[in-house]
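One file, start.cif, carrying mmCIF, C-alpha atoms:
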```cif
data_data
loop_
_atom_site.group_PDB
_atom_site.id
_atom_site.type_symbol
_atom_site.label_atom_id
_atom_site.label_comp_id
_atom_site.auth_asym_id
_atom_site.auth_seq_id
_atom_site.Cartn_x
_atom_site.Cartn_y
_atom_site.Cartn_z
ATOM 1 C CA MET A 1 17.005 11.754 -16.174
ATOM 2 C CA SER A 2 20.351 10.785 -14.704
ATOM 3 C CA ARG A 3 21.225 7.303 -13.423
ATOM 4 C CA TYR A 4 20.804 8.605 -9.869
ATOM 5 C CA ASP A 5 17.252 9.793 -10.696
ATOM 6 C CA TRP A 6 16.327 6.391 -12.130
ATOM 7 C CA LEU A 7 17.840 4.489 -9.228
ATOM 8 C CA LEU A 8 16.074 6.696 -6.685
ATOM 9 C CA PHE A 9 12.754 6.361 -8.533
ATOM 10 C CA LEU A 10 13.050 2.554 -8.724
ATOM 11 C CA HIS A 11 14.124 2.341 -5.056
ATOM 12 C CA VAL A 12 11.182 4.455 -3.878
ATOM 13 C CA PHE A 13 8.785 2.702 -6.296
ATOM 14 C CA SER A 14 9.826 -0.640 -4.778
ATOM 15 C CA ALA A 15 9.237 0.743 -1.280
ATOM 16 C CA PHE A 16 5.729 1.809 -2.350
ATOM 17 C CA ALA A 17 5.081 -1.713 -3.683
ATOM 18 C CA LEU A 18 6.233 -3.183 -0.360
ATOM 19 C CA VAL A 19 3.978 -0.918 1.718
ATOM 20 C CA ALA A 20 1.099 -1.526 -0.718
ATOM 21 C CA ALA A 21 1.488 -5.272 -0.096
ATOM 22 C CA LEU A 22 1.495 -4.761 3.682
ATOM 23 C CA THR A 23 -1.623 -2.572 3.413
ATOM 24 C CA LEU A 24 -3.353 -5.270 1.341
ATOM 25 C CA TYR A 25 -2.382 -7.989 3.851
ATOM 26 C CA THR A 26 -3.606 -5.827 6.751
ATOM 27 C CA VAL A 27 -6.981 -5.247 5.064
ATOM 28 C CA LEU A 28 -7.171 -8.985 4.343
ATOM 29 C CA ILE A 29 -6.389 -10.010 7.947
ATOM 30 C CA VAL A 30 -8.935 -7.535 9.334
ATOM 31 C CA SER A 31 -11.572 -8.625 6.786
ATOM 32 C CA VAL A 32 -11.311 -12.358 7.514
ATOM 33 C CA TRP A 33 -10.947 -11.974 11.310
ATOM 34 C CA ASN A 34 -14.620 -12.666 12.080
ATOM 35 C CA LYS A 35 -15.280 -15.036 9.202
ATOM 36 C CA ASP A 36 -15.793 -18.772 9.700
ATOM 37 C CA VAL A 37 -17.573 -19.764 6.491
ATOM 38 C CA PRO A 38 -14.977 -21.481 4.252
ATOM 39 C CA GLY A 39 -16.363 -19.904 1.057
ATOM 40 C CA ASP A 40 -16.105 -16.376 2.530
ATOM 41 C CA VAL A 41 -12.529 -16.917 3.742
ATOM 42 C CA ALA A 42 -11.394 -18.509 0.461
ATOM 43 C CA ARG A 43 -13.046 -15.681 -1.496
ATOM 44 C CA LEU A 44 -11.215 -12.971 0.446
ATOM 45 C CA PHE A 45 -7.893 -14.785 0.202
ATOM 46 C CA SER A 46 -8.094 -14.593 -3.597
ATOM 47 C CA LEU A 47 -6.725 -11.036 -3.218
ATOM 48 C CA GLN A 48 -3.559 -12.401 -1.595
ATOM 49 C CA ARG A 49 -1.834 -13.211 -4.907
ATOM 50 C CA VAL A 50 -1.461 -9.511 -5.788
ATOM 51 C CA GLY A 51 0.083 -8.893 -2.359
ATOM 52 C CA ASP A 52 2.507 -11.777 -2.889
ATOM 53 C CA VAL A 53 3.694 -10.299 -6.207
ATOM 54 C CA LEU A 54 4.034 -6.809 -4.703
ATOM 55 C CA VAL A 55 5.931 -8.007 -1.626
ATOM 56 C CA GLY A 56 8.339 -9.982 -3.846
ATOM 57 C CA VAL A 57 8.992 -7.123 -6.272
ATOM 58 C CA GLY A 58 9.086 -4.533 -3.485
ATOM 59 C CA SER A 59 11.426 -6.306 -1.078
ATOM 60 C CA ILE A 60 13.917 -7.328 -3.781
ATOM 61 C CA GLY A 61 13.693 -3.896 -5.441
ATOM 62 C CA VAL A 62 14.372 -1.855 -2.296
ATOM 63 C CA LEU A 63 17.399 -4.019 -1.507
ATOM 64 C CA VAL A 64 18.939 -4.096 -5.004
ATOM 65 C CA PHE A 65 18.357 -0.425 -5.884
ATOM 66 C CA GLY A 66 19.202 0.664 -2.327
ATOM 67 C CA ILE A 67 22.586 -1.075 -2.424
ATOM 68 C CA TRP A 68 23.184 0.272 -5.951
ATOM 69 C CA LEU A 69 22.426 3.809 -4.722
ATOM 70 C CA ALA A 70 24.731 3.400 -1.718
ATOM 71 C CA ILE A 71 27.567 2.341 -4.032
ATOM 72 C CA ASP A 72 26.780 4.935 -6.734
ATOM 73 C CA VAL A 73 26.235 8.076 -4.645
ATOM 74 C CA LYS A 74 29.289 9.898 -3.363
ATOM 75 C CA GLY A 75 29.043 10.486 0.371
ATOM 76 C CA TYR A 76 27.218 7.220 1.108
ATOM 77 C CA GLU A 77 28.985 3.957 1.955
ATOM 78 C CA LEU A 78 27.563 0.490 2.514
ATOM 79 C CA TRP A 79 29.069 0.463 5.995
ATOM 80 C CA ASP A 80 27.342 3.706 7.101
ATOM 81 C CA GLY A 81 25.405 3.035 10.309
ATOM 82 C CA TRP A 82 21.983 3.887 8.882
ATOM 83 C CA ILE A 83 22.569 1.672 5.829
ATOM 84 C CA ILE A 84 23.683 -1.273 7.989
ATOM 85 C CA ALA A 85 20.586 -0.690 10.153
ATOM 86 C CA ALA A 86 18.437 -0.771 7.010
ATOM 87 C CA LEU A 87 20.019 -4.052 5.876
ATOM 88 C CA VAL A 88 19.447 -5.635 9.307
ATOM 89 C CA LEU A 89 15.823 -4.433 9.311
ATOM 90 C CA TRP A 90 15.362 -5.821 5.776
ATOM 91 C CA PHE A 91 16.498 -9.285 6.895
ATOM 92 C CA VAL A 92 14.288 -9.129 10.014
ATOM 93 C CA MET A 93 11.355 -8.123 7.779
ATOM 94 C CA GLY A 94 12.047 -11.084 5.485
ATOM 95 C CA ALA A 95 12.167 -13.546 8.368
ATOM 96 C CA LEU A 96 8.944 -12.201 9.903
ATOM 97 C CA GLY A 97 7.228 -12.173 6.504
ATOM 98 C CA ALA A 98 8.160 -15.783 5.810
ATOM 99 C CA ARG A 99 6.704 -16.946 9.149
ATOM 100 C CA THR A 100 3.552 -14.833 8.744
ATOM 101 C CA GLY A 101 3.098 -16.162 5.208
ATOM 102 C CA LYS A 102 3.228 -19.770 6.417
ATOM 103 C CA ILE A 103 0.463 -19.143 8.977
ATOM 104 C CA TYR A 104 -1.912 -17.361 6.588
ATOM 105 C CA ASN A 105 -1.197 -19.699 3.660
ATOM 106 C CA ALA A 106 -2.317 -22.551 5.944
ATOM 107 C CA VAL A 107 -5.580 -20.673 6.657
ATOM 108 C CA ARG A 108 -6.161 -20.116 2.914
ATOM 109 C CA ASP A 109 -5.368 -23.737 2.041
ATOM 110 C CA ARG A 110 -7.675 -25.094 4.767
ATOM 111 C CA ALA A 111 -10.531 -22.831 3.626
ATOM 112 C CA ARG A 112 -10.049 -23.952 0.009
ATOM 113 C CA ALA A 113 -9.883 -27.619 1.050
ATOM 114 C CA LEU A 114 -13.173 -27.278 2.964
ATOM 115 C CA VAL A 115 -14.815 -25.631 -0.071
ATOM 116 C CA ARG A 116 -13.527 -28.447 -2.322
ATOM 117 C CA GLU A 117 -14.975 -31.016 0.092
ATOM 118 C CA GLY A 118 -18.332 -29.257 -0.118
ATOM 119 C CA GLU A 119 -18.182 -28.099 3.524
ATOM 120 C CA ASN A 120 -19.443 -24.529 3.489
ATOM 121 C CA ALA A 121 -21.033 -24.390 6.927
ATOM 122 C CA PRO A 122 -19.439 -22.175 9.622
ATOM 123 C CA SER A 123 -16.322 -23.946 10.870
ATOM 124 C CA ALA A 124 -14.944 -23.542 14.400
ATOM 125 C CA GLU A 125 -11.623 -24.930 13.198
ATOM 126 C CA LEU A 126 -11.388 -22.270 10.473
ATOM 127 C CA ARG A 127 -12.290 -19.505 12.920
ATOM 128 C CA THR A 128 -9.471 -20.635 15.219
ATOM 129 C CA LEU A 129 -7.051 -20.557 12.289
ATOM 130 C CA VAL A 130 -8.257 -17.141 11.076
ATOM 131 C CA GLN A 131 -7.950 -15.640 14.579
ATOM 132 C CA ASN A 132 -4.426 -16.938 15.090
ATOM 133 C CA ARG A 133 -2.803 -14.486 17.532
ATOM 134 C CA GLN A 134 0.712 -15.469 16.510
ATOM 135 C CA GLY A 135 -0.037 -14.595 12.882
ATOM 136 C CA LEU A 136 -1.512 -11.274 13.931
ATOM 137 C CA TRP A 137 1.477 -10.363 16.095
ATOM 138 C CA LEU A 138 3.965 -11.431 13.438
ATOM 139 C CA HIS A 139 2.164 -9.265 10.882
ATOM 140 C CA ALA A 140 2.113 -6.332 13.328
ATOM 141 C CA ALA A 141 5.854 -6.816 13.874
ATOM 142 C CA SER A 142 6.430 -6.770 10.085
ATOM 143 C CA VAL A 143 4.513 -3.486 9.825
ATOM 144 C CA LEU A 144 6.587 -2.038 12.681
ATOM 145 C CA VAL A 145 9.855 -3.109 11.022
ATOM 146 C CA VAL A 146 8.834 -1.507 7.706
ATOM 147 C CA LEU A 147 7.904 1.659 9.608
ATOM 148 C CA LEU A 148 11.369 1.652 11.218
ATOM 149 C CA LEU A 149 12.904 1.159 7.751
ATOM 150 C CA LEU A 150 11.039 4.225 6.488
ATOM 151 C CA ILE A 151 12.142 6.270 9.513
ATOM 152 C CA ASP A 152 15.740 5.129 8.939
ATOM 153 C CA MET A 153 15.570 6.070 5.229
ATOM 154 C CA ILE A 154 14.141 9.534 5.887
ATOM 155 C CA PHE A 155 16.040 10.576 9.021
ATOM 156 C CA LYS A 156 19.298 8.815 8.025
ATOM 157 C CA PRO A 157 20.710 8.839 11.590
ATOM 158 C CA GLY A 158 24.445 9.541 11.585
ATOM 159 C CA ALA A 159 24.567 10.611 7.918
ATOM 160 C CA MET B 1 23.413 14.075 -0.718
ATOM 161 C CA LEU B 2 20.459 16.426 -0.576
ATOM 162 C CA ALA B 3 18.904 14.078 1.953
ATOM 163 C CA ALA B 4 21.999 14.247 4.130
ATOM 164 C CA ILE B 5 21.873 18.052 4.357
ATOM 165 C CA ARG B 6 18.106 18.224 4.932
ATOM 166 C CA PRO B 7 17.393 19.659 8.391
ATOM 167 C CA ASP B 8 15.895 17.173 10.850
ATOM 168 C CA SER B 9 12.858 19.417 11.410
ATOM 169 C CA TRP B 10 11.853 18.854 7.748
ATOM 170 C CA ASN B 11 12.037 15.106 8.141
ATOM 171 C CA TYR B 12 8.854 14.857 10.253
ATOM 172 C CA ALA B 13 6.857 16.538 7.477
ATOM 173 C CA LEU B 14 8.496 14.358 4.806
ATOM 174 C CA PHE B 15 7.823 11.231 6.883
ATOM 175 C CA LEU B 16 4.109 12.074 7.180
ATOM 176 C CA HIS B 17 3.913 12.898 3.447
ATOM 177 C CA VAL B 18 5.668 9.724 2.278
ATOM 178 C CA LEU B 19 3.894 7.404 4.744
ATOM 179 C CA GLY B 20 0.508 8.863 3.766
ATOM 180 C CA ALA B 21 1.313 8.453 0.058
ATOM 181 C CA MET B 22 2.499 4.859 0.537
ATOM 182 C CA VAL B 23 -0.603 3.794 2.483
ATOM 183 C CA LEU B 24 -2.819 5.639 -0.019
ATOM 184 C CA VAL B 25 -1.273 3.685 -2.900
ATOM 185 C CA GLY B 26 -1.705 0.493 -0.848
ATOM 186 C CA ALA B 27 -5.400 1.271 -0.289
ATOM 187 C CA LEU B 28 -5.887 1.972 -3.997
ATOM 188 C CA VAL B 29 -4.111 -1.257 -4.991
ATOM 189 C CA THR B 30 -6.289 -3.238 -2.542
ATOM 190 C CA ALA B 31 -9.517 -1.575 -3.702
ATOM 191 C CA VAL B 32 -8.652 -2.019 -7.392
ATOM 192 C CA THR B 33 -7.705 -5.676 -6.832
ATOM 193 C CA ALA B 34 -11.018 -6.314 -5.065
ATOM 194 C CA GLN B 35 -12.953 -4.628 -7.894
ATOM 195 C CA VAL B 36 -11.107 -6.527 -10.627
ATOM 196 C CA VAL B 37 -11.523 -9.890 -8.868
ATOM 197 C CA GLY B 38 -15.219 -9.008 -8.387
ATOM 198 C CA TRP B 39 -15.613 -8.342 -12.122
ATOM 199 C CA MET B 40 -13.997 -11.637 -12.988
ATOM 200 C CA ARG B 41 -16.423 -13.517 -10.717
ATOM 201 C CA ALA B 42 -19.831 -12.213 -11.604
ATOM 202 C CA ALA B 43 -21.656 -14.470 -9.086
ATOM 203 C CA GLY B 44 -23.854 -12.334 -6.811
ATOM 204 C CA VAL B 45 -22.344 -13.028 -3.391
ATOM 205 C CA ASP B 46 -18.817 -12.696 -4.779
ATOM 206 C CA ALA B 47 -19.493 -9.334 -6.414
ATOM 207 C CA LEU B 48 -21.050 -7.968 -3.215
ATOM 208 C CA THR B 49 -18.168 -9.143 -0.987
ATOM 209 C CA TYR B 50 -15.561 -7.525 -3.221
ATOM 210 C CA ALA B 51 -17.566 -4.322 -3.745
ATOM 211 C CA ARG B 52 -17.946 -3.896 0.034
ATOM 212 C CA LEU B 53 -14.254 -4.587 0.626
ATOM 213 C CA SER B 54 -13.287 -2.049 -2.033
ATOM 214 C CA PHE B 55 -15.595 0.615 -0.586
ATOM 215 C CA LYS B 56 -14.466 0.105 3.027
ATOM 216 C CA THR B 57 -10.782 0.120 2.029
ATOM 217 C CA LEU B 58 -11.119 3.374 0.110
ATOM 218 C CA LEU B 59 -13.128 5.020 2.912
ATOM 219 C CA ILE B 60 -11.318 3.753 6.031
ATOM 220 C CA VAL B 61 -7.757 3.528 4.689
ATOM 221 C CA GLY B 62 -7.589 5.610 1.487
ATOM 222 C CA VAL B 63 -9.228 8.844 2.641
ATOM 223 C CA PRO B 64 -7.248 9.244 5.939
ATOM 224 C CA ALA B 65 -4.039 8.375 4.045
ATOM 225 C CA TRP B 66 -4.831 11.054 1.443
ATOM 226 C CA PHE B 67 -5.183 13.634 4.241
ATOM 227 C CA ALA B 68 -1.878 12.526 5.812
ATOM 228 C CA MET B 69 -0.148 12.794 2.421
ATOM 229 C CA ARG B 70 -1.679 16.205 1.650
ATOM 230 C CA ILE B 71 -1.051 17.692 5.130
ATOM 231 C CA GLY B 72 2.545 16.417 5.005
ATOM 232 C CA ALA B 73 2.961 18.007 1.562
ATOM 233 C CA GLU B 74 1.729 21.399 2.727
ATOM 234 C CA TRP B 75 3.861 21.172 5.888
ATOM 235 C CA ILE B 76 7.084 20.473 3.975
ATOM 236 C CA TYR B 77 6.154 23.103 1.358
ATOM 237 C CA SER B 78 6.104 25.735 4.097
ATOM 238 C CA LYS B 79 9.257 24.363 5.778
ATOM 239 C CA GLU B 80 11.224 24.514 2.521
ATOM 240 C CA GLY B 81 9.954 28.042 1.825
ATOM 241 C CA TRP B 82 8.619 27.354 -1.683
ATOM 242 C CA ALA B 83 6.018 30.104 -1.221
ATOM 243 C CA ASP B 84 8.839 32.684 -1.396
ATOM 244 C CA VAL B 85 10.263 31.300 -4.653
ATOM 245 C CA PRO B 86 9.048 33.332 -7.680
ATOM 246 C CA LYS B 87 8.954 30.408 -10.139
ATOM 247 C CA GLU B 88 8.236 26.994 -8.658
ATOM 248 C CA PRO B 89 9.852 23.950 -10.303
ATOM 249 C CA GLY B 90 7.744 21.754 -12.593
ATOM 250 C CA TRP B 91 7.794 18.690 -10.317
ATOM 251 C CA LEU B 92 6.151 20.716 -7.552
ATOM 252 C CA GLY B 93 3.334 21.735 -9.914
ATOM 253 C CA ILE B 94 2.866 18.103 -10.975
ATOM 254 C CA GLY B 95 2.701 17.154 -7.288
ATOM 255 C CA TYR B 96 0.018 19.749 -6.519
ATOM 256 C CA ILE B 97 -2.134 18.926 -9.552
ATOM 257 C CA THR B 98 -1.965 15.155 -9.058
ATOM 258 C CA ALA B 99 -2.574 15.355 -5.283
ATOM 259 C CA ASP B 100 -5.656 17.582 -5.586
ATOM 260 C CA LEU B 101 -7.107 16.011 -8.731
ATOM 261 C CA GLY B 102 -6.488 12.576 -7.227
ATOM 262 C CA GLY B 103 -8.259 13.695 -4.047
ATOM 263 C CA VAL B 104 -11.401 14.727 -5.947
ATOM 264 C CA LEU B 105 -11.381 11.489 -7.953
ATOM 265 C CA LEU B 106 -10.781 9.444 -4.792
ATOM 266 C CA LEU B 107 -13.777 11.048 -3.101
ATOM 267 C CA THR B 108 -15.916 10.360 -6.187
ATOM 268 C CA ALA B 109 -14.714 6.743 -6.229
ATOM 269 C CA VAL B 110 -15.631 6.332 -2.538
ATOM 270 C CA ILE B 111 -19.159 7.666 -3.158
ATOM 271 C CA LEU B 112 -19.670 5.502 -6.254
ATOM 272 C CA ALA B 113 -18.267 2.414 -4.510
ATOM 273 C CA GLY B 114 -20.578 2.991 -1.519
ATOM 274 C CA PHE B 115 -23.711 3.364 -3.644
ATOM 275 C CA GLY B 116 -22.573 0.496 -5.873
ATOM 276 C CA ALA B 117 -22.175 -1.869 -2.911
ATOM 277 C CA ARG B 118 -25.559 -0.793 -1.544
ATOM 278 C CA ARG B 119 -27.244 -1.416 -4.881
ATOM 279 C CA LEU B 120 -25.607 -4.849 -5.122
ATOM 280 C CA ALA B 121 -26.860 -5.709 -1.616
ATOM 281 C CA ARG B 122 -30.418 -4.671 -2.510
ATOM 282 C CA ALA B 123 -30.353 -6.506 -5.821
ATOM 283 C CA ASP B 124 -28.830 -9.540 -4.077
ATOM 284 C CA GLY B 125 -25.741 -9.504 -6.270
ATOM 285 C CA GLY B 126 -25.369 -9.130 -10.010
ATOM 286 C CA VAL B 127 -23.554 -6.306 -11.745
ATOM 287 C CA SER B 128 -23.400 -2.706 -10.557
ATOM 288 C CA ILE B 129 -22.336 -0.011 -13.004
ATOM 289 C CA LEU B 130 -21.653 2.273 -10.003
ATOM 290 C CA ALA B 131 -19.251 -0.213 -8.388
ATOM 291 C CA ARG B 132 -17.498 -0.771 -11.711
ATOM 292 C CA SER B 133 -17.200 2.980 -12.280
ATOM 293 C CA ALA B 134 -15.615 3.282 -8.833
ATOM 294 C CA GLY B 135 -13.099 0.618 -9.848
ATOM 295 C CA VAL B 136 -12.218 2.473 -13.061
ATOM 296 C CA LEU B 137 -11.799 5.718 -11.106
ATOM 297 C CA ALA B 138 -9.573 3.987 -8.543
ATOM 298 C CA VAL B 139 -7.355 2.710 -11.388
ATOM 299 C CA LEU B 140 -7.167 6.280 -12.725
ATOM 300 C CA VAL B 141 -6.232 7.676 -9.286
ATOM 301 C CA LEU B 142 -3.579 4.976 -8.916
ATOM 302 C CA ALA B 143 -2.103 5.913 -12.326
ATOM 303 C CA ILE B 144 -2.107 9.607 -11.362
ATOM 304 C CA TYR B 145 -0.269 8.881 -8.124
ATOM 305 C CA LEU B 146 2.333 6.769 -9.914
ATOM 306 C CA ILE B 147 3.032 9.792 -12.148
ATOM 307 C CA ALA B 148 3.285 11.892 -8.972
ATOM 308 C CA LEU B 149 5.712 9.362 -7.493
ATOM 309 C CA TRP B 150 7.905 9.655 -10.585
ATOM 310 C CA ALA B 151 7.755 13.478 -10.459
ATOM 311 C CA MET B 152 8.548 13.608 -6.729
ATOM 312 C CA THR B 153 11.576 11.318 -6.977
ATOM 313 C CA ALA B 154 13.029 12.140 -10.414
ATOM 314 C CA LYS B 155 12.165 15.853 -10.066
ATOM 315 C CA PRO B 156 12.126 16.797 -13.790
ATOM 316 C CA ASN B 157 13.314 20.420 -14.361
#
```

The structure in this file should be written as structure tokens.
Amino acid sequence: MSRYDWLLFLHVFSAFALVAALTLYTVLIVSVWNKDVPGDVARLFSLQRVGDVLVGVGSIGVLVFGIWLAIDVKGYELWDGWIIAALVLWFVMGALGARTGKIYNAVRDRARALVREGENAPSAELRTLVQNRQGLWLHAASVLVVLLLLIDMIFKPGA
Amino acid sequence: MLAAIRPDSWNYALFLHVLGAMVLVGALVTAVTAQVVGWMRAAGVDALTYARLSFKTLLIVGVPAWFAMRIGAEWIYSKEGWADVPKEPGWLGIGYITADLGGVLLLTAVILAGFGARRLARADGGVSILARSAGVLAVLVLAIYLIALWAMTAKPN
């Protein structure tokens, strides 16, 4: 395998990890949407750690190996329109992800705190947190941005 | 450079294929994570919650994603005219075998996960061999698709 083959494999592998994390988060958000029992919410959020690892590895990997590919492959330049678009989308994705993470980490922490305090009855406060519209819309926006990234990578407008 | 000279009409098929494969891997990762966390916490209600989540993820997300991946693969296969090539490259064969074998195993995992979750619900928790078998199969499918990912990108031979 040439260096190009390895770089492409690692770039695409990272993209798969990123989308896998988003899929996991989506399943998690849908699963907890109607839950208000702290134990149930805390239990489901125990899956989040795998998503956090995947999103970290995936987002850093796509950026590093993508830039390396752009420098390494003749015919591509870092200042090509579709590559600049990808970089902008990557930063937007990071900003949206950070804000979404804060909202859902607060839900997880509150559910765990209630469990620790021995409060396992349905909680209206927890339901309000779980059904946070802002968190939902931010997550939907992250999914849309990743979809646009994939479209940009495949169609390479202007290349 | 190959990507730059690929006709735009092929890109729709490639987009469907790649998106389907990515979501499929995501569904498998989610289902496997739920199964593994369920094994680690043998308490009845925990095991049932994770078994149900794993089953629903495989059925509602994994199966449609597999179809999107497979339809996209067949679409781009016809666009690129591989049917007219006398000897197909090895990576294409790996792609076909892994996609179809993975599909059969995925379907088996869905069935086992469904029955496993049902048995756990009836038994009010505990351990279900069926649910655990579904988890093992999902790990196997995930491994198969990672090999396919390597073959599709590195294109050996």

CA of Ala109 in chain B to CA of Ala42 in chain A, straight-line distance in Å:
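Here the two named atoms are 26.3 Å from each other.
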
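With only C-alpha atoms as the atoms that count, the minimum distance from chain B to the choices A:Gly94, A:Gly61, A:Gly101, A:Gly75 is reached by A:Gly75.
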
Expand the PyMOL selection byres ((chain A) within 8 of (chain B)) into the individual residues it matches in the shown file, reporting them as an MDAnalysis selection string.
chainID A and resid 1 5:6 8:9 12:13 16:17 19:24 27 31 43:44 46:47 50 73:75 150:151 154:156 159

Would you compute the distance between CA of Arg133 in chain A and CA of Gly97 in chain A? Give it in Å to one decimal.
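Going from CA of Arg133 in chain A over to CA of Gly97 in chain A covers 15.1 Å.
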
Spatial neighbours of Gly56 in chain A, 8 Å, all atoms listed in the file, chain gap at least 4 places, as a PDB file with C-alpha atoms, keeping the file's coordinate frame:
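Output file around36.pdb follows:
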```pdb
ATOM      1  CA  LEU A  18       6.233  -3.183  -0.360  1.00  0.00           C
ATOM      2  CA  ASP A  52       2.507 -11.777  -2.889  1.00  0.00           C
ATOM      3  CA  ILE A  60      13.917  -7.328  -3.781  1.00  0.00           C
TER       4      ILE A  60
END
```

Since I can't run it myself right now, could you work out what the PyMOL selection byres ((chain B and resi 101) around 12) selects here and report it as a list in words?
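Evaluating the PyMOL selection byres ((chain B and resi 101) around 12) on this file yields Trp66, Arg70, Gly93, Ile94, Gly95, Tyr96, Ile97, Thr98, Ala99, Asp100, Gly102, Gly103, Val104, Leu105, Leu106, Leu107, Thr108, Leu137, Leu140, Val141, Leu142, Ala143, Ile144, Tyr145 and Ala148 of chain B.
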
Identify, on the basis of all atoms listed in the file, every residue whose closest approach to Gly81 in chain A does not exceed 12 Å; exclude the query and any residue fewer than 4 positions from it along the same chain; express the result as an MDAnalysis selection string.
chainID A and resid 76:77 85:88 152:153 156:159

Working from the structure I just supplied, which lacks atoms in range 63-74 of chain B, can you model N, CA and C atoms there and output them as a PDB file, keeping the file's coordinate frame?
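As written to disk, result17.pdb reads:
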```
ATOM      1  N   VAL B  63      -8.947   7.423   2.359  1.00  0.00           N
ATOM      2  CA  VAL B  63      -9.228   8.844   2.641  1.00  0.00           C
ATOM      3  C   VAL B  63      -8.314   9.396   3.755  1.00  0.00           C
ATOM      4  N   PRO B  64      -8.179   8.724   4.916  1.00  0.00           N
ATOM      5  CA  PRO B  64      -7.248   9.244   5.939  1.00  0.00           C
ATOM      6  C   PRO B  64      -5.811   9.332   5.415  1.00  0.00           C
ATOM      7  N   ALA B  65      -5.407   8.353   4.597  1.00  0.00           N
ATOM      8  CA  ALA B  65      -4.039   8.375   4.045  1.00  0.00           C
ATOM      9  C   ALA B  65      -3.859   9.566   3.105  1.00  0.00           C
ATOM     10  N   TRP B  66      -4.908   9.890   2.334  1.00  0.00           N
ATOM     11  CA  TRP B  66      -4.831  11.054   1.443  1.00  0.00           C
ATOM     12  C   TRP B  66      -4.608  12.328   2.276  1.00  0.00           C
ATOM     13  N   PHE B  67      -5.345  12.452   3.385  1.00  0.00           N
ATOM     14  CA  PHE B  67      -5.183  13.634   4.241  1.00  0.00           C
ATOM     15  C   PHE B  67      -3.760  13.701   4.817  1.00  0.00           C
ATOM     16  N   ALA B  68      -3.246  12.548   5.257  1.00  0.00           N
ATOM     17  CA  ALA B  68      -1.878  12.526   5.812  1.00  0.00           C
ATOM     18  C   ALA B  68      -0.880  12.963   4.740  1.00  0.00           C
ATOM     19  N   MET B  69      -1.045  12.451   3.524  1.00  0.00           N
ATOM     20  CA  MET B  69      -0.148  12.794   2.421  1.00  0.00           C
ATOM     21  C   MET B  69      -0.234  14.293   2.116  1.00  0.00           C
ATOM     22  N   ARG B  70      -1.468  14.805   2.062  1.00  0.00           N
ATOM     23  CA  ARG B  70      -1.679  16.205   1.650  1.00  0.00           C
ATOM     24  C   ARG B  70      -1.214  17.179   2.743  1.00  0.00           C
ATOM     25  N   ILE B  71      -1.486  16.838   4.011  1.00  0.00           N
ATOM     26  CA  ILE B  71      -1.051  17.692   5.130  1.00  0.00           C
ATOM     27  C   ILE B  71       0.485  17.696   5.190  1.00  0.00           C
ATOM     28  N   GLY B  72       1.082  16.518   5.017  1.00  0.00           N
ATOM     29  CA  GLY B  72       2.545  16.417   5.005  1.00  0.00           C
ATOM     30  C   GLY B  72       3.145  17.243   3.882  1.00  0.00           C
ATOM     31  N   ALA B  73       2.474  17.243   2.716  1.00  0.00           N
ATOM     32  CA  ALA B  73       2.961  18.007   1.562  1.00  0.00           C
ATOM     33  C   ALA B  73       2.948  19.500   1.859  1.00  0.00           C
ATOM     34  N   GLU B  74       1.859  19.960   2.430  1.00  0.00           N
ATOM     35  CA  GLU B  74       1.729  21.399   2.727  1.00  0.00           C
ATOM     36  C   GLU B  74       2.735  21.816   3.809  1.00  0.00           C
TER      37      GLU B  74
END
```
